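Quick look at run11.csv (CSV, C-alpha atoms):
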```
chain,number,residue,atom,x,y,z
A,1,MET,CA,0.0,0.0,0.0
A,2,LEU,CA,1.0,3.6,-0.6
A,3,LEU,CA,0.2,6.5,1.6
A,4,HIS,CA,-0.1,9.9,-0.2
A,5,LEU,CA,0.0,13.1,1.8
A,6,ASP,CA,-1.9,15.8,-0.1
A,7,THR,CA,-0.3,18.9,1.3
A,8,THR,CA,-2.0,21.4,-1.0
A,9,ALA,CA,-3.8,23.1,1.8
A,10,GLY,CA,-1.1,22.9,4.5
A,11,PHE,CA,1.0,20.4,6.4
A,12,ASP,CA,2.0,19.9,10.0
A,13,GLY,CA,2.3,17.0,12.5
A,14,MET,CA,-0.9,17.5,14.4
A,15,ALA,CA,-2.9,17.6,11.1
A,16,LEU,CA,-1.2,14.4,10.0
A,17,ALA,CA,-2.0,12.7,13.3
A,18,GLY,CA,-5.7,13.7,12.9
A,19,ALA,CA,-5.7,12.5,9.3
A,20,LEU,CA,-4.3,9.1,10.2
A,21,ALA,CA,-6.9,8.7,13.0
A,22,HIS,CA,-9.6,9.6,10.5
A,23,LEU,CA,-8.1,7.0,8.1
A,24,GLY,CA,-8.7,4.3,10.8
A,25,VAL,CA,-5.2,4.1,12.5
A,26,ASP,CA,-5.5,3.4,16.2
A,27,MET,CA,-3.7,6.4,17.8
A,28,ARG,CA,-4.4,5.3,21.4
A,29,PRO,CA,-0.8,4.2,22.0
A,30,VAL,CA,0.4,7.7,21.1
A,31,LEU,CA,-2.2,9.5,23.2
A,32,GLU,CA,-1.6,7.3,26.3
A,33,ALA,CA,2.1,7.7,26.1
A,34,LEU,CA,1.9,11.5,25.8
A,35,GLN,CA,-0.6,11.5,28.7
A,36,HIS,CA,1.9,9.5,30.8
A,37,PHE,CA,4.6,12.1,30.1
A,38,ASP,CA,2.4,15.0,31.1
A,39,LEU,CA,1.6,16.0,27.5
A,40,PRO,CA,-2.1,15.3,27.4
A,41,CYS,CA,-3.9,15.7,24.1
A,42,ARG,CA,-7.1,14.4,22.5
A,43,LEU,CA,-8.5,13.8,19.1
A,44,GLN,CA,-11.4,16.1,18.3
A,45,GLY,CA,-13.9,15.4,15.6
A,46,VAL,CA,-14.6,18.0,12.9
A,47,GLN,CA,-18.0,17.6,11.3
A,48,ARG,CA,-18.2,20.7,9.0
A,49,GLY,CA,-14.7,21.5,8.0
A,50,PRO,CA,-13.9,22.9,4.5
A,51,ALA,CA,-12.5,19.5,3.4
A,52,GLY,CA,-15.3,17.5,5.0
A,53,PRO,CA,-15.4,15.5,8.3
A,54,GLY,CA,-12.1,14.7,9.9
A,55,PHE,CA,-10.1,14.9,13.1
A,56,ARG,CA,-7.6,17.3,14.8
A,57,LEU,CA,-5.1,16.6,17.5
A,58,VAL,CA,-5.7,19.1,20.3
A,59,PRO,CA,-3.4,19.7,23.2
A,60,ALA,CA,-5.1,19.9,26.6
A,61,GLU,CA,-5.0,23.3,28.2
A,62,GLU,CA,-2.9,22.0,31.1
A,63,ALA,CA,-0.3,20.9,28.6
A,64,LEU,CA,0.2,24.4,27.3
A,65,PRO,CA,2.0,26.6,29.9
A,66,ALA,CA,1.0,30.2,29.9
A,67,ASP,CA,4.5,31.5,30.0
A,68,GLY,CA,8.1,30.5,30.5
A,69,LEU,CA,10.8,29.2,28.2
A,70,TRP,CA,11.8,25.7,27.1
A,71,PRO,CA,15.5,25.4,26.2
A,72,VAL,CA,16.5,23.1,23.3
A,73,SER,CA,18.3,20.7,25.6
A,74,GLY,CA,15.1,20.2,27.5
A,75,LEU,CA,13.1,19.7,24.3
A,76,ARG,CA,15.6,17.1,23.1
A,77,ALA,CA,15.5,15.3,26.5
A,78,ALA,CA,11.7,15.2,26.5
A,79,LEU,CA,11.6,13.7,23.0
A,80,GLU,CA,14.2,11.1,23.9
A,81,ALA,CA,12.2,10.1,26.9
A,82,LEU,CA,9.1,9.3,24.9
A,83,PRO,CA,8.8,5.5,24.0
A,84,LEU,CA,8.8,6.0,20.2
A,85,PRO,CA,9.6,3.1,17.9
A,86,GLU,CA,13.1,3.3,16.6
A,87,LYS,CA,12.4,4.6,13.1
A,88,ALA,CA,9.9,7.2,14.5
A,89,ARG,CA,12.4,8.3,17.1
A,90,GLU,CA,15.1,8.8,14.4
A,91,GLN,CA,12.7,10.8,12.2
A,92,ALA,CA,11.4,13.0,15.0
A,93,ALA,CA,15.0,13.7,16.2
A,94,THR,CA,16.1,14.6,12.7
A,95,ALA,CA,13.1,16.9,12.2
A,96,LEU,CA,13.8,18.5,15.6
A,97,ARG,CA,17.4,19.1,14.7
A,98,LEU,CA,16.4,20.7,11.4
A,99,LEU,CA,13.8,22.9,13.1
A,100,VAL,CA,16.3,24.0,15.8
A,101,GLU,CA,19.0,24.9,13.2
A,102,ALA,CA,16.5,26.9,11.2
A,103,GLN,CA,15.1,28.7,14.2
A,104,ALA,CA,18.6,29.5,15.5
A,105,GLN,CA,19.6,30.9,12.1
A,106,ALA,CA,16.4,33.0,11.9
A,107,HIS,CA,17.1,34.5,15.3
A,108,GLY,CA,20.8,34.9,14.9
A,109,VAL,CA,21.8,32.6,17.8
A,110,ARG,CA,23.7,29.3,18.2
A,111,PRO,CA,21.4,26.3,18.2
A,112,GLU,CA,22.5,25.4,21.8
A,113,GLY,CA,21.4,28.9,23.0
A,114,LEU,CA,17.9,28.7,21.5
A,115,ALA,CA,14.9,28.5,23.7
A,116,PHE,CA,11.3,28.1,22.7
A,117,ALA,CA,8.3,29.8,24.3
A,118,ALA,CA,6.9,27.1,26.6
A,119,ARG,CA,3.6,26.8,24.6
A,120,GLU,CA,5.5,26.6,21.3
A,121,GLY,CA,7.9,24.0,22.7
A,122,VAL,CA,5.0,21.8,23.8
A,123,ALA,CA,3.3,22.2,20.4
A,124,VAL,CA,6.5,21.3,18.5
A,125,LEU,CA,7.0,18.2,20.7
A,126,LEU,CA,3.5,17.0,20.2
A,127,SER,CA,3.6,17.7,16.4
A,128,LEU,CA,6.8,15.8,15.8
A,129,ALA,CA,6.1,12.8,18.1
A,130,ALA,CA,2.5,12.3,17.1
A,131,ALA,CA,3.3,12.5,13.3
A,132,CYS,CA,6.3,10.2,13.3
A,133,TRP,CA,4.8,7.7,15.8
A,134,GLY,CA,1.4,7.7,14.1
A,135,LEU,CA,3.0,7.1,10.7
A,136,GLU,CA,4.8,4.0,12.1
A,137,LEU,CA,1.5,2.7,13.5
A,138,ALA,CA,0.0,3.3,10.0
A,139,ARG,CA,2.7,1.3,8.3
A,140,LYS,CA,2.0,-1.7,10.4
A,141,ALA,CA,-1.8,-1.5,10.5
A,142,LEU,CA,-2.3,-0.7,6.8
A,143,ALA,CA,0.8,-2.5,5.3
A,144,ILE,CA,2.2,0.8,4.0
A,145,THR,CA,5.4,0.3,2.1
A,146,ARG,CA,5.8,3.8,0.6
A,147,VAL,CA,4.9,7.4,1.5
A,148,THR,CA,4.6,10.1,-1.1
A,149,ALA,CA,3.6,13.7,-0.8
A,150,ALA,CA,2.4,16.5,-3.1
A,151,PRO,CA,4.6,19.6,-3.6
A,152,LEU,CA,4.3,21.9,-0.7
A,153,PRO,CA,2.0,24.9,-0.9
A,154,TRP,CA,3.6,28.3,-1.7
A,155,GLN,CA,2.2,31.1,0.4
A,156,SER,CA,3.1,34.8,0.5
A,157,GLY,CA,1.8,37.8,2.4
A,158,MET,CA,2.0,38.8,6.1
A,159,LEU,CA,0.8,37.1,9.3
A,160,ARG,CA,0.1,38.8,12.6
A,161,SER,CA,1.7,36.8,15.4
A,162,PRO,CA,2.7,37.2,19.1
A,163,GLN,CA,6.2,38.3,17.8
A,164,GLY,CA,4.6,40.9,15.6
A,165,VAL,CA,3.8,41.0,11.9
A,166,LEU,CA,5.8,38.3,10.1
A,167,PRO,CA,6.2,37.5,6.4
A,168,LEU,CA,4.9,34.2,5.0
A,169,PRO,CA,6.5,31.8,5.0
A,170,SER,CA,7.9,32.5,8.4
A,171,PRO,CA,11.7,33.0,8.6
A,172,ALA,CA,12.4,29.5,10.0
A,173,ALA,CA,9.9,27.8,7.6
A,174,ALA,CA,11.5,29.7,4.6
A,175,LEU,CA,14.9,28.4,5.6
A,176,LEU,CA,13.6,24.9,5.8
A,177,LEU,CA,12.0,25.1,2.4
A,178,ARG,CA,15.5,24.7,0.8
A,179,GLY,CA,15.5,21.4,-1.1
A,180,LEU,CA,11.8,20.9,-1.0
A,181,PRO,CA,9.4,21.2,-4.0
A,182,LEU,CA,6.8,24.0,-4.0
A,183,CYS,CA,3.6,24.4,-5.9
A,184,LYS,CA,1.7,27.6,-6.7
A,185,ARG,CA,-1.7,27.0,-8.3
A,186,ASP,CA,-4.3,29.4,-9.5
A,187,ASP,CA,-6.9,27.6,-7.4
A,188,ALA,CA,-4.7,27.6,-4.2
A,189,PRO,CA,-6.8,27.9,-1.1
A,190,GLU,CA,-7.2,31.2,0.6
A,191,THR,CA,-6.3,31.1,4.3
A,192,SER,CA,-5.9,33.6,7.1
A,193,GLY,CA,-3.2,31.5,8.8
A,194,GLU,CA,0.1,29.8,8.0
A,195,LEU,CA,-0.2,26.9,5.6
A,196,LEU,CA,3.2,25.5,6.3
A,197,PRO,CA,4.6,26.2,9.8
A,198,ALA,CA,8.2,25.4,10.5
A,199,ASP,CA,7.5,22.0,12.1
A,200,GLY,CA,5.6,21.0,9.0
A,201,ALA,CA,8.5,22.0,6.8
A,202,ALA,CA,10.9,20.0,9.0
A,203,LEU,CA,8.7,16.9,8.8
A,204,ALA,CA,8.5,17.2,5.1
A,205,HIS,CA,12.2,16.5,5.0
A,206,VAL,CA,12.0,13.2,6.8
A,207,LEU,CA,8.5,11.6,6.3
A,208,PRO,CA,7.9,11.3,2.5
A,209,ASP,CA,10.0,8.8,0.5
A,210,ALA,CA,9.3,10.9,-2.6
A,211,PHE,CA,7.3,13.9,-3.8
A,212,ASP,CA,5.2,12.3,-6.4
A,213,THR,CA,1.6,11.7,-7.7
A,214,PRO,CA,0.1,8.4,-6.7
A,215,GLU,CA,-1.2,5.9,-9.3
A,216,GLY,CA,-3.5,3.0,-8.4
A,217,THR,CA,-6.8,2.3,-6.6
A,218,VAL,CA,-7.9,4.5,-3.7
A,219,ARG,CA,-8.7,2.3,-0.7
A,220,GLY,CA,-9.1,5.0,2.0
A,221,LEU,CA,-9.1,8.7,2.8
A,222,GLY,CA,-8.4,10.6,6.0
A,223,THR,CA,-8.7,14.3,6.7
A,224,GLY,CA,-6.8,16.1,9.5
A,225,TYR,CA,-7.1,19.7,10.7
A,226,ARG,CA,-4.6,21.9,12.5
A,227,PRO,CA,-5.7,22.8,16.1
A,228,ALA,CA,-6.4,26.5,15.5
A,229,ALA,CA,-6.6,26.8,11.7
A,230,GLU,CA,-10.0,25.9,10.4
A,231,ASP,CA,-8.9,26.7,6.8
A,232,SER,CA,-5.7,24.6,6.9
A,233,TRP,CA,-6.2,20.8,6.4
A,234,LEU,CA,-4.4,17.7,5.3
A,235,ARG,CA,-5.7,14.8,3.3
A,236,VAL,CA,-4.0,11.4,3.3
A,237,TRP,CA,-4.9,8.9,0.7
A,238,LEU,CA,-4.5,5.1,1.0
A,239,VAL,CA,-3.7,3.9,-2.5
A,240,GLU,CA,-3.2,0.3,-3.6
A,241,ASP,CA,-0.4,0.7,-6.1
A,242,GLU,CA,-0.1,-2.5,-8.2
A,243,ALA,CA,3.0,-1.1,-9.9
A,244,ALA,CA,4.7,-0.5,-6.6
A,245,GLU,CA,4.2,-4.1,-5.6
A,246,ALA,CA,6.0,-5.3,-8.8
A,247,PRO,CA,9.7,-4.8,-9.2
A,248,ALA,CA,10.5,-1.2,-10.1
A,249,PRO,CA,11.3,-0.6,-13.8
A,250,ASP,CA,15.1,-0.7,-14.4
A,251,ALA,CA,16.0,2.6,-16.0
A,252,GLN,CA,19.5,1.3,-16.4
A,253,ARG,CA,18.4,-1.3,-18.9
A,254,THR,CA,16.4,1.1,-21.1
A,255,GLY,CA,18.1,4.4,-20.3
A,256,GLY,CA,16.3,7.6,-19.1
A,257,ASN,CA,15.6,9.3,-15.8
A,258,GLU,CA,15.3,7.8,-12.4
A,259,GLN,CA,15.4,8.9,-8.8
A,260,VAL,CA,18.3,8.0,-6.4
A,261,ALA,CA,18.7,8.7,-2.7
A,262,GLN,CA,21.9,10.4,-1.7
A,263,LEU,CA,23.1,9.8,1.9
A,264,GLU,CA,25.9,12.0,3.2
A,265,THR,CA,27.8,12.5,6.5
A,266,HIS,CA,31.0,14.1,7.7
A,267,LEU,CA,33.5,11.8,9.4
A,268,ASP,CA,36.4,12.9,11.6
A,269,HIS,CA,36.4,10.3,14.4
A,270,LEU,CA,37.3,7.0,12.7
A,271,THR,CA,40.7,5.4,12.4
A,272,GLY,CA,42.0,4.6,9.0
A,273,GLU,CA,41.3,0.9,9.5
A,274,GLU,CA,37.7,1.6,10.6
A,275,LEU,CA,37.1,3.9,7.7
A,276,GLY,CA,38.4,1.3,5.3
A,277,ILE,CA,36.2,-1.4,6.7
A,278,ALA,CA,33.1,0.9,6.6
A,279,LEU,CA,33.8,1.8,2.9
A,280,GLU,CA,34.3,-1.9,2.0
A,281,VAL,CA,31.2,-3.1,3.8
A,282,LEU,CA,29.0,-0.3,2.3
A,283,ALA,CA,30.3,-0.9,-1.2
A,284,ALA,CA,29.6,-4.6,-1.0
A,285,MET,CA,25.9,-4.1,-0.1
A,286,PRO,CA,23.6,-5.0,-3.0
A,287,GLU,CA,21.3,-2.1,-2.1
A,288,VAL,CA,24.2,0.4,-2.6
A,289,LEU,CA,24.8,1.9,-6.1
A,290,ASP,CA,28.0,3.8,-5.3
A,291,VAL,CA,30.2,4.9,-2.4
A,292,LEU,CA,32.4,8.0,-2.4
A,293,TRP,CA,34.9,9.2,0.2
A,294,LEU,CA,36.1,12.9,-0.2
A,295,PRO,CA,38.9,13.6,2.2
A,296,GLY,CA,39.5,17.2,3.5
A,297,LEU,CA,39.8,19.3,6.6
A,298,GLY,CA,37.2,20.0,9.2
A,299,LYS,CA,36.9,22.3,12.2
A,300,LYS,CA,40.2,23.4,13.7
A,301,SER,CA,42.0,21.9,10.7
A,302,ARG,CA,41.2,18.3,11.9
A,303,PRO,CA,41.5,15.6,9.2
A,304,SER,CA,38.0,15.0,8.0
A,305,GLY,CA,36.0,13.9,5.0
A,306,VAL,CA,32.6,13.4,3.4
A,307,LEU,CA,31.1,10.0,3.0
A,308,ARG,CA,28.5,9.9,0.2
A,309,VAL,CA,26.4,6.9,-0.6
A,310,LEU,CA,23.9,6.4,-3.4
A,311,CYS,CA,21.0,3.9,-3.4
A,312,ALA,CA,17.5,3.5,-4.8
A,313,PRO,CA,15.0,5.4,-2.7
A,314,ARG,CA,13.3,2.2,-1.5
A,315,TYR,CA,16.5,1.1,0.2
A,316,ARG,CA,17.2,4.5,1.9
A,317,ASP,CA,16.3,3.3,5.4
A,318,ALA,CA,18.3,0.1,5.2
A,319,VAL,CA,21.4,1.9,3.8
A,320,THR,CA,21.1,4.7,6.4
A,321,ALA,CA,21.0,2.0,9.2
A,322,ALA,CA,24.2,0.5,7.7
A,323,VAL,CA,26.0,3.9,7.5
A,324,LEU,CA,25.1,4.5,11.2
A,325,ARG,CA,26.2,1.0,12.2
A,326,HIS,CA,29.5,1.0,10.5
A,327,THR,CA,30.6,4.6,11.1
A,328,HIS,CA,28.9,5.6,14.4
A,329,THR,CA,28.3,9.0,12.9
A,330,LEU,CA,25.7,11.0,14.8
A,331,GLY,CA,23.6,12.0,11.8
A,332,VAL,CA,23.1,11.2,8.1
A,333,ARG,CA,21.7,13.8,5.6
A,334,HIS,CA,19.3,12.6,3.0
A,335,CYS,CA,18.2,14.0,-0.3
A,336,LEU,CA,16.5,12.7,-3.5
A,337,LEU,CA,18.1,13.4,-6.8
A,338,GLN,CA,17.2,12.9,-10.4
A,339,ARG,CA,19.8,11.3,-12.6
A,340,THR,CA,19.9,10.4,-16.3
A,341,VAL,CA,21.4,7.0,-17.0
A,342,LEU,CA,22.6,5.3,-20.2
A,343,PRO,CA,21.0,2.0,-21.2
A,344,ARG,CA,23.2,-0.9,-20.1
A,345,GLU,CA,23.3,-4.6,-19.4
A,346,ALA,CA,25.7,-7.2,-18.2
A,347,GLY,CA,27.7,-9.1,-20.8
A,348,ARG,CA,31.2,-10.1,-21.8
A,349,CYS,CA,33.8,-8.5,-24.0
A,350,PRO,CA,37.2,-9.6,-25.4
A,351,ALA,CA,40.4,-8.5,-23.8
A,352,GLY,CA,44.1,-9.3,-24.1
A,353,GLN,CA,44.2,-9.8,-27.9
A,354,ALA,CA,47.4,-7.7,-28.0
A,355,LEU,CA,48.9,-10.1,-25.6
A,356,GLY,CA,48.0,-13.2,-27.7
A,357,GLN,CA,45.0,-14.0,-25.5
A,358,GLU,CA,42.5,-14.3,-28.3
A,359,GLY,CA,39.9,-16.3,-26.3
A,360,LEU,CA,39.9,-14.2,-23.2
A,361,MET,CA,36.4,-12.8,-22.5
A,362,LEU,CA,35.7,-10.8,-19.4
A,363,PRO,CA,32.5,-9.9,-17.7
A,364,ALA,CA,31.6,-6.3,-18.7
A,365,LYS,CA,29.0,-3.6,-18.7
A,366,LEU,CA,27.6,-3.2,-22.2
A,367,TYR,CA,26.2,0.3,-22.9
A,368,ARG,CA,25.1,2.4,-25.8
A,369,LEU,CA,25.9,6.1,-26.3
A,370,GLU,CA,25.0,8.3,-29.3
A,371,GLY,CA,24.2,5.3,-31.5
A,372,ARG,CA,27.4,3.3,-30.7
A,373,ASP,CA,27.9,0.3,-28.5
A,374,TYR,CA,30.6,0.2,-25.9
A,375,ALA,CA,31.9,-2.3,-23.4
A,376,ARG,CA,33.6,-1.7,-20.1
A,377,PRO,CA,35.2,-4.7,-18.4
A,378,GLU,CA,34.4,-5.2,-14.7
A,379,ALA,CA,37.2,-4.2,-12.4
A,380,ASP,CA,37.2,-7.5,-10.5
A,381,ALA,CA,37.4,-9.5,-13.7
A,382,VAL,CA,40.3,-7.4,-15.0
A,383,ARG,CA,42.2,-7.9,-11.7
A,384,GLU,CA,41.7,-11.6,-11.7
A,385,ALA,CA,42.7,-12.0,-15.4
A,386,ALA,CA,45.8,-9.8,-14.9
A,387,SER,CA,46.9,-11.9,-11.9
A,388,ALA,CA,46.4,-15.1,-13.8
A,389,LEU,CA,48.6,-13.8,-16.7
A,390,GLY,CA,51.2,-12.5,-14.3
A,391,ILE,CA,50.9,-8.9,-15.6
A,392,GLY,CA,49.6,-5.6,-14.3
A,393,ALA,CA,46.0,-4.6,-14.9
A,394,PRO,CA,46.9,-1.7,-17.2
A,395,ALA,CA,48.7,-4.1,-19.6
A,396,LEU,CA,45.3,-5.6,-20.7
A,397,ARG,CA,44.3,-2.2,-22.1
A,398,MET,CA,47.6,-0.6,-23.1
A,399,ALA,CA,49.6,-3.5,-24.7
A,400,ARG,CA,50.4,-3.1,-28.4
A,401,PRO,CA,50.3,-6.0,-30.9
A,402,GLY,CA,53.6,-7.8,-31.0
A,403,ASP,CA,54.8,-6.7,-27.5
```
How does this structure look as structure tokens?
Amino acid sequence: MLLHLDTTAGFDGMALAGALAHLGVDMRPVLEALQHFDLPCRLQGVQRGPAGPGFRLVPAEEALPADGLWPVSGLRAALEALPLPEKAREQAATALRLLVEAQAQAHGVRPEGLAFAAREGVAVLLSLAAACWGLELARKALAITRVTAAPLPWQSGMLRSPQGVLPLPSPAAALLLRGLPLCKRDDAPETSGELLPADGAALAHVLPDAFDTPEGTVRGLGTGYRPAAEDSWLRVWLVEDEAAEAPAPDAQRTGGNEQVAQLETHLDHLTGEELGIALEVLAAMPEVLDVLWLPGLGKKSRPSGVLRVLCAPRYRDAVTAAVLRHTHTLGVRHCLLQRTVLPREAGRCPAGQALGQEGLMLPAKLYRLEGRDYARPEADAVREAASALGIGAPALRMARPGD
């Protein structure tokens, strides 16, 4: 099953929690856990909303302090204390990190020195935890294998807030929009509030597997509303995607465009042996398309480098787990890229004719470019053949007839 987030009229975590509940996901584990950690909230039915009936997640008044500040360290500790499933915990922590970095940049302070207004901090914690945890419950209950989202709504203008009149998107949300697709339509909904708050933009970086339009048979629909925004809603569609259940088309055989996930992290704490093992293990994974290590200098001129790993989007979680396991890095950055590939297939090609090895055929990549066919022998096959002949690998390509 595929879950599609229709973000046309807005997106944030509480609306997603409400939409999942309306879709039929049992959200009681989330509500009970939040209640246990003094973050009470409830699901409130909406009967006459603009997008039809639905639910909204509403914090209880006692969960929203009237004043005070909540430092970032306290917010992180509170999120860590919640009994979220592992994947939900990772997603919520990543979204919180992105949100904190954007808020700190918008306010001109260091992330460690940032503090949220108490009410805002509670709302952020509820939004991130309920959205990520609810989505994990939905994956299990509805057999969801993929999450897609529509491009995020573009919004301009001004918004009156407790901090004064702010431009839309808000400064933090605007910073978080980098790398995310936007959509401006002539029939975009009118709203008096913010369609995409900063927590929604942060979640948009971690929850969808891709920004795409679903194809298949609709099996369910859920509608969620934000707590205090009647004209901002989120629809989630449950789609049976027969094509997604079948093996994905191999663009490498036919050529053309395809999506790849790029995972990246900075490393400065591994020994040379540990780094070598990590690169070798990652390169050997069948889910990994390529591994690249770019050495350089980090803070205070420490030896550092960038580890970059490519894989198909459907393997992103498995490869991320492998990167974390074999490097112990504290964070992995994700992005989806479009790439154009040449049609290619596995085959064999002759090698070593100049050395008198007329019958030597090596496994190779066969590809076509500008109407011509080419062959590139596999590196492992070249190494083995050169070793068997007692020569260096370059000799197979550079030898001249008669040498």
Residues near A:Val319, anyone? I mean within 8 Å using only C-alpha atoms, not counting same-chain ones fewer than 6 positions away, as a PDB file with C-alpha atoms, in the frame of the given file.
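Output saved as part.pdb:
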```pdb
ATOM      1  CA  GLU A 287      21.300  -2.100  -2.100  1.00  0.00           C
ATOM      2  CA  VAL A 288      24.200   0.400  -2.600  1.00  0.00           C
ATOM      3  CA  CYS A 311      21.000   3.900  -3.400  1.00  0.00           C
TER       4      CYS A 311
END
```
Excluding same-chain residues fewer than 5 positions from stretch 192-202 of chain A, what lies within 6 Å of it counting only C-alpha atoms, as a PyMOL selection string?
-> chain A and resi 10-12+95+99+172-173+176
Each residue of stretch 142-234 of chain A lying at most 12 Å from stretch 107-115 of chain A should get a row with its shortest atom-to-atom pair and the distance in Å to one decimal, counting all atoms listed in the file; could you produce that, ordered by chain and increasing number, as JSON lines?
```
{"residue": "A:Gln163", "atom": "CA", "partner": "A:His107", "partner_atom": "CA", "distance": 11.8}
{"residue": "A:Ser170", "atom": "CA", "partner": "A:His107", "partner_atom": "CA", "distance": 11.7}
{"residue": "A:Pro171", "atom": "CA", "partner": "A:His107", "partner_atom": "CA", "distance": 8.7}
{"residue": "A:Ala172", "atom": "CA", "partner": "A:His107", "partner_atom": "CA", "distance": 8.7}
{"residue": "A:Leu175", "atom": "CA", "partner": "A:His107", "partner_atom": "CA", "distance": 11.7}
```
May I have the selected residues written with C-alpha atoms, as a PDB file, keeping the file's coordinate frame?
```pdb
ATOM      1  CA  GLN A 163       6.200  38.300  17.800  1.00  0.00           C
ATOM      2  CA  SER A 170       7.900  32.500   8.400  1.00  0.00           C
ATOM      3  CA  PRO A 171      11.700  33.000   8.600  1.00  0.00           C
ATOM      4  CA  ALA A 172      12.400  29.500  10.000  1.00  0.00           C
ATOM      5  CA  LEU A 175      14.900  28.400   5.600  1.00  0.00           C
TER       6      LEU A 175
END
```
Report the distance between atom CA of A:Lys365 and atom CA of A:Val309 in Å, rounded to one decimal place.
->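 Value for the atom CA of A:Lys365-atom CA of A:Val309 distance: 21.1 Å.
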Atom CA of A:Ser387 and atom CA of A:Leu275, how far apart in Å?
->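 Interatomic distance here is 27.0 Å.
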Selection: 8 Å around A:Trp233, only C-alpha atoms, excl. self and same-chain fewer than 6 positions, as a VMD selection string | chain A and resid 9 to 11 15 51 223 to 226
Distance query A:Ala283 at most 10 Å, all atoms listed in the file, self and fewer than 5 positions along chain excluded, as a list in words |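 That gives Ile277, Ala278, Val288, Leu289, Asp290, Val291, Leu292, Val309 and Leu310 of chain A.
Nearest residue to A:Ala88, choosing from A:Gly13, A:Gly45, A:Gly134, A:Pro50 and counting all atoms listed in the file: A:Gly134.
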